[in-house]
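Accompanying notes for the structure given below.
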Amino acid sequence: AGAPAPPWLTDLNPEQRRAVETTDGPVLVLSGAGTGKTRVLTTRIAHILEQRLTQPWRVLAVTFTNRAAREMRERLGAMIGPVAESVWLGTFHALSLKILRRHADLVGLRDGFTILDADDQLRLLKQLMADANIDTKREPPKVLMGILQRWKDRGLTPDRVPADDVKTAAGRRARDLYGRYQARLLELNACDFGDLLLHTLGILQGHPDIAGQYQRRFDYILVDEYQDTNVAQYLWLRLLAAGHRNLCCVGDDDQSIYSWRGAEVGNILRFETDYPGAAVIRLERNYRSTSMILDAASGLIRHNSDRLGKDLKAAGAAAADPDAAPVKVRGLWDGEAEARWVVEEIEALGQGANGPNGGAGDGGAIAILVRASFQMRAFEERLMACGVPYQVVGGPRFYERLEVRDALAYLRLIAQPDDDLAFERIVNTPKRGLGEASLQTLQRCARDRGVSLLVAAADLADGDDLKPRARKALAGFVADLARWRERVPTLPPSELCATVLEESGYAAMWKADKSPDAPGRVENLEELVGAVAEFETLDAFLEHVALVMENEGKGATARVTLMTLHAAKGLEFDTVFLPGWEEDVFPHRRALEEGGQASLEEERRLAYVGLTRARRRAFISFAANRRIFNNWQASLPSRFVDELPDACVEKASDTGLYGAVTAGFAEEPGGWGTRHPRRTLTGAGAGAGNGAGNGSGRLAPGTGSWKARDRTGEGSDLAVGQRVFHQKFGYGRVLSNDGGKLAVDFEKAGRKTVVAGFVEAA
Ligand code: ATP
Ligand code: MG
């Protein structure tokens, strides 16, 4: 008291400051992107500790990703120093794991239990389905796994699955499998990701004394990205905060993008009911983006009907920028052209900033945010070809690669001898001469005796149930594992990892492999050994892997970051590229086909999240042709492009002459020709006429948008049976014509859906 307030506090605006200083009782901060919610949370922790309201280990803060937790800890450290280290800060999963490790026995797990990843979960479920004679063709394991996980998201153990969910035979089968799946996990001394929460919840609900301990332990609880919590997480929070109710949640309903993973935006609405007297604070000033970007994002999200509704004003340094550029929207020929354009723009940004007054260094952080990971490949290749350093976050993840998973299975089995899934994965990898029959004998033996596969293997190696060759192979494998395990206490984990890869013959297997991808796999194994070196114990490493598998990649600082829109939540970049704004890509086809209005609105929120990541520049692009799973498809610009307010966008297209898909875009003279030789093939002269028939009714007709102009409807009167020519697919006959969207039976390419603008009568 008496000392002047620290700058991190006085830098806040009055509403933010109120959210920080209202430390007692429930607080909900509900506000739009970039208004400083995360900053408020971080500052609030600093304030609580600085005021000595409690000790750091009595503060519990939940972030949405491990990466966000890392960042928050760093900022906190910068404000208040090393005490930041002791705050309980992490994702729901990481924090649950911390609690679960202390009470594992209460849910039937033993010390050192393993956490299965998605792949192992699926393998386990498949085995159980096979045992129960369930046809995996009729009921795909992935779908069933989804059902099980949604139950877990709702905090439902098998015995609590509501009657409504098991009215059908399929529902009952799923519940029975769920029960068996959970039982089997316990046998394996393992749990899956959803269990981290579910088990912790079970402990807190079933043991009031323990719940009481934690309620007294955590004096302050804080939650970021509250709009994306699911029911299990909600119950978890409610239990932990039950005593003191010092719970502060921040969120934005417009950024709720995880309903497919069980998130319930209703948790926000329920907050005031559950915590009567809660302080509800709204922040309206956006400190992140230019007003151009903000207006574009606000204009877009206004098309959603299901929202609480709030307006944002640009207020930060970016807002004051008199040269704020409009959002650049660009149509391109195909995915490759799109990647070329994006990387050209990136290179131009770098040059601009490196000019004489290039104080901004290299033009700042850049992100390419995609709707689906398949979109990444084209950008990766182009960035690589141009030598632009980039990182992929949450893409084809390192720990999910085959060779890495195999190596991890060795380590898991060393750490956890009951891990049958790991055992199965590697018992004959590399080949040890164990045939199918021997492995079946092994499985049967383990099941009959109720022991792990490893124990069964040790027994069989001594008995005479197996042929000598198999017996010898098993004995060798069992002995290897025992030897490696002995070395765990003395050998640094990375050395152990290297030893195991060498002695098992696994590394040699890939070194001897002649296939083109083998060298890369060897490199990945080397990389893995390097990754293990960052950890002091094998267990710590395996735990880390389990957690990052579910979340994101490494936090390296390359200039360009490539990631999915979902992974970009909460982050910010100077420049953001948003490619693939096409119908069926974004909004995603699945959302359009299955989910109705609600899914479409979630896609729109995702677009809003994407745009609001940008501080200074945003680029949106779409391609007229797209190869999706090896099929070429003509595509239409996303309806979201149309929904952007004209005043804050600048549109251009390379493909104007190809058809009405992009009609209305200003054509860029000289921007094509040599680079797009295909252009001449379509017969540009005729193309404009034919192409005008896009006429797709679902693209917001009558909105007076730029796309509706120039539409003459010619293409849409191609009759069924008409012979047509398409530049890529050749000759074919029209099977149906749905307002300019044609189904054509091509003579060579087979049946395809194309836009009328891309074919000519032949
Ligand atoms: P999102 O909804 O995207 O998660 P958010 O509401 O969490 O956004 P922050 O990330 O906390 O917003 O803040 C956005 C940016 O604005 C950050 O760069 C932050 O440092 C800055 N900022 C927040 N509040 C202020 C302020 N009062 N003065 C200056 N800058 C601020
Ligand atoms: Mg945030």
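Each chain in the structure tokens gets a letter, A, B and so on, in the order shown; residues start at 1 in every chain, and ligands are counted from 1 in the order they appear.
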Closest atom pairs, residues of chain A within 10 Å of ligand 1, only C-alpha atoms and all ligand atoms, as CSV:
```
residue,atom,partner,partner_atom_place_in_ligand_line,distance
A:Trp8,CA,ligand 1,27 (N),9.1
A:Leu9,CA,ligand 1,27 (N),9.0
A:Thr10,CA,ligand 1,27 (N),8.6
A:Asp11,CA,ligand 1,27 (N),5.5
A:Leu12,CA,ligand 1,27 (N),3.9
A:Asn13,CA,ligand 1,27 (N),4.9
A:Pro14,CA,ligand 1,27 (N),8.6
A:Glu15,CA,ligand 1,27 (N),9.2
A:Gln16,CA,ligand 1,27 (N),7.1
A:Arg17,CA,ligand 1,27 (N),8.7
A:Val29,CA,ligand 1,6 (O),9.3
A:Leu30,CA,ligand 1,6 (O),9.0
A:Ser31,CA,ligand 1,6 (O),6.8
A:Gly32,CA,ligand 1,2 (O),5.6
A:Ala33,CA,ligand 1,2 (O),3.3
A:Gly34,CA,ligand 1,8 (O),3.4
A:Thr35,CA,ligand 1,6 (O),4.0
A:Gly36,CA,ligand 1,11 (O),3.2
A:Lys37,CA,ligand 1,6 (O),3.7
A:Thr38,CA,ligand 1,11 (O),3.7
A:Arg39,CA,ligand 1,11 (O),3.8
A:Val40,CA,ligand 1,11 (O),6.5
A:Leu41,CA,ligand 1,11 (O),8.0
A:Thr42,CA,ligand 1,11 (O),8.5
A:Thr43,CA,ligand 1,11 (O),9.8
A:Asp224,CA,ligand 1,7 (O),7.9
A:Glu225,CA,ligand 1,4 (O),7.0
A:Val250,CA,ligand 1,7 (O),8.1
A:Gly251,CA,ligand 1,2 (O),7.0
A:Asp252,CA,ligand 1,2 (O),6.4
A:Asp253,CA,ligand 1,2 (O),9.6
A:Asp254,CA,ligand 1,2 (O),9.0
A:Gln255,CA,ligand 1,2 (O),7.2
A:Leu283,CA,ligand 1,6 (O),8.3
A:Glu284,CA,ligand 1,6 (O),9.6
A:Arg285,CA,ligand 1,24 (N),8.2
A:Asn286,CA,ligand 1,16 (O),6.6
A:Tyr287,CA,ligand 1,16 (O),4.0
A:Arg288,CA,ligand 1,15 (C),4.4
A:Ser289,CA,ligand 1,15 (C),8.2
A:Ala315,CA,ligand 1,29 (C),8.2
A:Gly316,CA,ligand 1,29 (C),6.0
A:Ala317,CA,ligand 1,29 (C),7.8
A:Ala318,CA,ligand 1,16 (O),9.7
A:Ala568,CA,ligand 1,3 (O),8.9
A:Lys569,CA,ligand 1,3 (O),6.3
A:Gly570,CA,ligand 1,4 (O),3.6
A:Leu571,CA,ligand 1,3 (O),6.2
A:Glu572,CA,ligand 1,10 (O),7.1
A:Phe573,CA,ligand 1,18 (O),9.3
A:Tyr608,CA,ligand 1,3 (O),9.9
A:Val609,CA,ligand 1,3 (O),7.2
A:Gly610,CA,ligand 1,3 (O),9.4
A:Leu611,CA,ligand 1,3 (O),9.9
A:Thr612,CA,ligand 1,3 (O),6.7
A:Arg613,CA,ligand 1,3 (O),6.4
A:Ala614,CA,ligand 1,3 (O),9.6
A:Arg615,CA,ligand 1,18 (O),8.5
```
For this session: Identify, on the basis of only C-alpha atoms, every residue whose closest approach to stretch 482-491 of chain A does not exceed 12 Å; exclude the query and any residue fewer than 5 positions from it along the same chain; express the result as a VMD selection string.
Result: chain A and resid 410 to 417 454 to 455 458 475 to 477 496 to 504 533 536 to 539
Residue selection dump (N, CA and C atoms) as a compact mmCIF listing (two decimals), in the first residue's frame:
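Below is the file that was written, again_1.txt:
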```
# COMPACT_ATOMS: atom_id res chain seq x y z
N TYR A 410 8.52 -48.64 -27.86
CA TYR A 410 9.62 -49.26 -27.11
C TYR A 410 9.78 -48.58 -25.75
N LEU A 411 9.81 -47.26 -25.79
CA LEU A 411 10.02 -46.52 -24.54
C LEU A 411 8.87 -46.73 -23.57
N ARG A 412 7.66 -46.74 -24.12
CA ARG A 412 6.50 -46.94 -23.26
C ARG A 412 6.55 -48.30 -22.58
N LEU A 413 6.93 -49.31 -23.35
CA LEU A 413 6.94 -50.65 -22.80
C LEU A 413 8.02 -50.79 -21.73
N ILE A 414 9.10 -50.05 -21.91
CA ILE A 414 10.15 -50.06 -20.89
C ILE A 414 9.62 -49.41 -19.61
N ALA A 415 8.92 -48.30 -19.78
CA ALA A 415 8.43 -47.56 -18.62
C ALA A 415 7.25 -48.27 -17.98
N GLN A 416 6.52 -49.02 -18.76
CA GLN A 416 5.23 -49.52 -18.30
C GLN A 416 4.99 -50.91 -18.88
N PRO A 417 5.47 -51.96 -18.19
CA PRO A 417 5.44 -53.32 -18.76
C PRO A 417 4.04 -53.83 -19.09
N LEU A 454 3.57 -59.14 -21.92
CA LEU A 454 4.99 -59.29 -21.61
C LEU A 454 5.22 -60.44 -20.62
N VAL A 455 4.37 -60.49 -19.61
CA VAL A 455 4.48 -61.59 -18.64
C VAL A 455 4.23 -62.92 -19.34
N ALA A 458 7.22 -63.93 -21.33
CA ALA A 458 8.31 -64.50 -20.51
C ALA A 458 8.03 -65.96 -20.19
N ALA A 475 12.20 -64.98 -26.14
CA ALA A 475 13.14 -64.91 -25.01
C ALA A 475 14.10 -63.73 -25.22
N GLY A 476 14.56 -63.55 -26.45
CA GLY A 476 15.48 -62.45 -26.74
C GLY A 476 14.82 -61.11 -26.48
N PHE A 477 13.58 -60.99 -26.94
CA PHE A 477 12.85 -59.73 -26.79
C PHE A 477 12.62 -59.40 -25.31
N LEU A 496 19.40 -43.76 -23.34
CA LEU A 496 18.61 -44.98 -23.31
C LEU A 496 17.88 -45.14 -24.64
N CYS A 497 17.29 -44.05 -25.10
CA CYS A 497 16.53 -44.09 -26.35
C CYS A 497 17.44 -44.52 -27.50
N ALA A 498 18.62 -43.92 -27.58
CA ALA A 498 19.56 -44.27 -28.64
C ALA A 498 19.97 -45.74 -28.54
N THR A 499 20.25 -46.18 -27.32
CA THR A 499 20.62 -47.58 -27.10
C THR A 499 19.54 -48.53 -27.58
N VAL A 500 18.31 -48.21 -27.19
CA VAL A 500 17.19 -49.08 -27.55
C VAL A 500 17.04 -49.15 -29.07
N LEU A 501 17.15 -48.01 -29.72
CA LEU A 501 16.98 -47.99 -31.18
C LEU A 501 18.08 -48.79 -31.87
N GLU A 502 19.26 -48.74 -31.32
CA GLU A 502 20.36 -49.52 -31.89
C GLU A 502 20.20 -51.01 -31.59
N GLU A 503 20.09 -51.32 -30.30
CA GLU A 503 20.13 -52.73 -29.89
C GLU A 503 18.91 -53.52 -30.36
N SER A 504 17.80 -52.82 -30.53
CA SER A 504 16.60 -53.53 -30.97
C SER A 504 16.67 -53.85 -32.46
N ALA A 533 16.34 -35.71 -25.12
CA ALA A 533 17.44 -35.12 -24.35
C ALA A 533 17.00 -33.92 -23.51
N GLU A 536 14.58 -35.01 -18.09
CA GLU A 536 15.46 -35.66 -17.13
C GLU A 536 15.10 -37.11 -16.90
N THR A 537 13.84 -37.43 -17.06
CA THR A 537 13.46 -38.83 -16.86
C THR A 537 12.63 -39.30 -18.05
N LEU A 538 12.62 -40.60 -18.20
CA LEU A 538 11.84 -41.20 -19.26
C LEU A 538 10.35 -40.90 -19.07
N ASP A 539 9.90 -41.01 -17.83
CA ASP A 539 8.49 -40.75 -17.55
C ASP A 539 8.10 -39.33 -17.91
```
Open item on the list: Give me the residues near A:Arg559 as a ChimeraX atom specification, where near means some atom within 9 Å (using only C-alpha atoms) and where sequence neighbours in that chain fewer than 3 positions away do not count.
Closed with: /A:362,364-367,388-391
Store the residues picked out above, limited to N, CA and C atoms, as a short mmCIF file (atom, residue, chain, number, x, y, z; two decimals), in the first residue's frame.
```cif
data_model
loop_
_atom_site.label_atom_id
_atom_site.label_comp_id
_atom_site.auth_asym_id
_atom_site.auth_seq_id
_atom_site.Cartn_x
_atom_site.Cartn_y
_atom_site.Cartn_z
N ASP A 362 11.67 -7.59 -40.33
CA ASP A 362 11.31 -8.39 -41.50
C ASP A 362 9.82 -8.33 -41.81
N GLY A 364 7.44 -8.43 -39.61
CA GLY A 364 6.64 -8.97 -38.52
C GLY A 364 6.19 -10.40 -38.74
N ALA A 365 5.48 -10.91 -37.73
CA ALA A 365 5.05 -12.30 -37.76
C ALA A 365 3.95 -12.51 -38.80
N ILE A 366 4.04 -13.64 -39.47
CA ILE A 366 3.10 -13.96 -40.53
C ILE A 366 2.50 -15.33 -40.27
N ALA A 367 1.21 -15.44 -40.51
CA ALA A 367 0.60 -16.76 -40.38
C ALA A 367 -0.22 -17.09 -41.62
N VAL A 388 11.80 -19.77 -47.68
CA VAL A 388 11.24 -18.96 -46.59
C VAL A 388 11.11 -19.86 -45.36
N PRO A 389 11.74 -19.50 -44.25
CA PRO A 389 11.65 -20.36 -43.07
C PRO A 389 10.22 -20.39 -42.52
N TYR A 390 9.76 -21.56 -42.23
CA TYR A 390 8.38 -21.66 -41.74
C TYR A 390 8.29 -22.79 -40.73
N GLN A 391 7.24 -22.77 -39.97
CA GLN A 391 6.96 -23.89 -39.06
C GLN A 391 5.51 -24.30 -39.22
#
```
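Between atom CA of A:Arg238 and atom CA of A:Tyr275 lies a distance of 9.6 Å.
Here atom CA of A:Trp581 is placed at a distance of 29.4 Å from atom CA of A:Lys748.
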With a distance cut-off of 12 Å and only C-alpha atoms, select the neighbouring residues of A:Arg605, excluding the residue or stretch itself and same-chain residues fewer than 2 positions from it, and output the selection as a PyMOL selection string.
chain A and resi 32-33+227+252-259+297-307+565-566+569+586-587+598-603+607-612+640
Using the selection just defined, write its residues with N, CA and C atoms as a short mmCIF file (atom, residue, chain, number, x, y, z; two decimals), in the first residue's frame.
```
data_model
loop_
_atom_site.label_atom_id
_atom_site.label_comp_id
_atom_site.auth_asym_id
_atom_site.auth_seq_id
_atom_site.Cartn_x
_atom_site.Cartn_y
_atom_site.Cartn_z
N GLY A 32 -15.27 -9.38 -27.23
CA GLY A 32 -14.79 -9.79 -28.55
C GLY A 32 -13.30 -9.99 -28.64
N ALA A 33 -12.90 -10.36 -29.84
CA ALA A 33 -11.51 -10.69 -30.09
C ALA A 33 -10.61 -9.48 -29.86
N GLN A 227 -15.55 -19.94 -23.64
CA GLN A 227 -16.62 -20.35 -24.56
C GLN A 227 -16.42 -21.76 -25.11
N ASP A 252 -15.47 -15.40 -25.41
CA ASP A 252 -16.15 -14.67 -26.49
C ASP A 252 -17.05 -15.65 -27.22
N ASP A 253 -18.34 -15.46 -27.14
CA ASP A 253 -19.24 -16.42 -27.79
C ASP A 253 -19.01 -16.48 -29.31
N ASP A 254 -18.55 -15.38 -29.89
CA ASP A 254 -18.30 -15.38 -31.33
C ASP A 254 -17.09 -16.24 -31.71
N GLN A 255 -16.34 -16.66 -30.73
CA GLN A 255 -15.18 -17.49 -31.04
C GLN A 255 -15.35 -18.91 -30.56
N SER A 256 -16.58 -19.32 -30.38
CA SER A 256 -16.81 -20.70 -29.98
C SER A 256 -16.70 -21.60 -31.20
N ILE A 257 -15.64 -22.39 -31.27
CA ILE A 257 -15.37 -23.17 -32.48
C ILE A 257 -15.08 -24.63 -32.21
N TYR A 258 -15.42 -25.09 -31.02
CA TYR A 258 -15.11 -26.48 -30.71
C TYR A 258 -16.35 -27.29 -30.33
N SER A 259 -17.50 -26.92 -30.83
CA SER A 259 -18.69 -27.68 -30.46
C SER A 259 -18.56 -29.12 -30.94
N ALA A 297 -14.19 -8.14 -40.08
CA ALA A 297 -14.56 -9.26 -39.20
C ALA A 297 -15.95 -9.04 -38.60
N SER A 298 -16.22 -7.81 -38.17
CA SER A 298 -17.53 -7.54 -37.56
C SER A 298 -18.65 -7.69 -38.59
N GLY A 299 -18.38 -7.22 -39.82
CA GLY A 299 -19.39 -7.33 -40.87
C GLY A 299 -19.70 -8.79 -41.17
N LEU A 300 -18.69 -9.60 -41.12
CA LEU A 300 -18.87 -11.02 -41.40
C LEU A 300 -19.69 -11.69 -40.30
N ILE A 301 -19.31 -11.48 -39.08
CA ILE A 301 -19.93 -12.20 -37.98
C ILE A 301 -21.37 -11.73 -37.76
N ARG A 302 -21.67 -10.55 -38.26
CA ARG A 302 -23.04 -10.06 -38.15
C ARG A 302 -24.03 -10.96 -38.90
N HIS A 303 -23.56 -11.78 -39.82
CA HIS A 303 -24.44 -12.70 -40.52
C HIS A 303 -24.88 -13.87 -39.67
N ASN A 304 -24.30 -14.02 -38.52
CA ASN A 304 -24.77 -15.06 -37.60
C ASN A 304 -25.95 -14.54 -36.81
N SER A 305 -26.97 -15.39 -36.64
CA SER A 305 -28.11 -14.92 -35.86
C SER A 305 -27.97 -15.33 -34.40
N ASP A 306 -27.26 -16.44 -34.17
CA ASP A 306 -27.18 -16.96 -32.82
C ASP A 306 -25.97 -16.37 -32.08
N ARG A 307 -26.11 -15.15 -31.62
CA ARG A 307 -24.98 -14.56 -30.90
C ARG A 307 -25.46 -13.54 -29.89
N LEU A 565 -7.01 -23.01 -38.58
CA LEU A 565 -7.73 -21.94 -37.91
C LEU A 565 -8.03 -22.31 -36.46
N HIS A 566 -8.37 -23.58 -36.27
CA HIS A 566 -8.69 -24.01 -34.90
C HIS A 566 -7.51 -23.80 -33.95
N LYS A 569 -6.50 -19.96 -32.40
CA LYS A 569 -7.27 -19.25 -31.39
C LYS A 569 -6.38 -18.58 -30.36
N PHE A 586 -14.32 -24.03 -47.22
CA PHE A 586 -14.62 -23.14 -46.09
C PHE A 586 -15.75 -22.21 -46.50
N PRO A 587 -16.98 -22.42 -46.08
CA PRO A 587 -17.39 -23.44 -45.11
C PRO A 587 -17.10 -24.85 -45.60
N ALA A 598 -26.61 -24.29 -37.62
CA ALA A 598 -25.68 -24.19 -36.49
C ALA A 598 -24.24 -24.42 -36.94
N SER A 599 -24.04 -25.40 -37.80
CA SER A 599 -22.68 -25.67 -38.26
C SER A 599 -22.17 -24.55 -39.14
N LEU A 600 -23.03 -24.03 -39.97
CA LEU A 600 -22.62 -22.93 -40.83
C LEU A 600 -22.17 -21.76 -39.96
N GLU A 601 -22.92 -21.51 -38.91
CA GLU A 601 -22.54 -20.39 -38.04
C GLU A 601 -21.21 -20.66 -37.33
N GLU A 602 -20.97 -21.91 -37.03
CA GLU A 602 -19.68 -22.22 -36.40
C GLU A 602 -18.54 -22.00 -37.39
N GLU A 603 -18.79 -22.33 -38.66
CA GLU A 603 -17.78 -22.06 -39.68
C GLU A 603 -17.53 -20.56 -39.79
N ALA A 607 -14.15 -18.24 -39.34
CA ALA A 607 -13.64 -17.20 -40.24
C ALA A 607 -13.36 -15.92 -39.44
N TYR A 608 -14.24 -15.66 -38.50
CA TYR A 608 -14.07 -14.48 -37.65
C TYR A 608 -12.80 -14.62 -36.80
N VAL A 609 -12.61 -15.80 -36.24
CA VAL A 609 -11.38 -16.05 -35.49
C VAL A 609 -10.17 -15.79 -36.39
N GLY A 610 -10.22 -16.31 -37.62
CA GLY A 610 -9.10 -16.15 -38.54
C GLY A 610 -8.78 -14.69 -38.80
N LEU A 611 -9.79 -13.94 -39.17
CA LEU A 611 -9.56 -12.52 -39.49
C LEU A 611 -9.05 -11.73 -38.30
N THR A 612 -9.58 -12.02 -37.14
CA THR A 612 -9.22 -11.21 -35.98
C THR A 612 -7.87 -11.60 -35.39
N PHE A 640 -18.61 -16.54 -47.52
CA PHE A 640 -18.04 -15.60 -46.57
C PHE A 640 -17.34 -14.45 -47.29
#
```
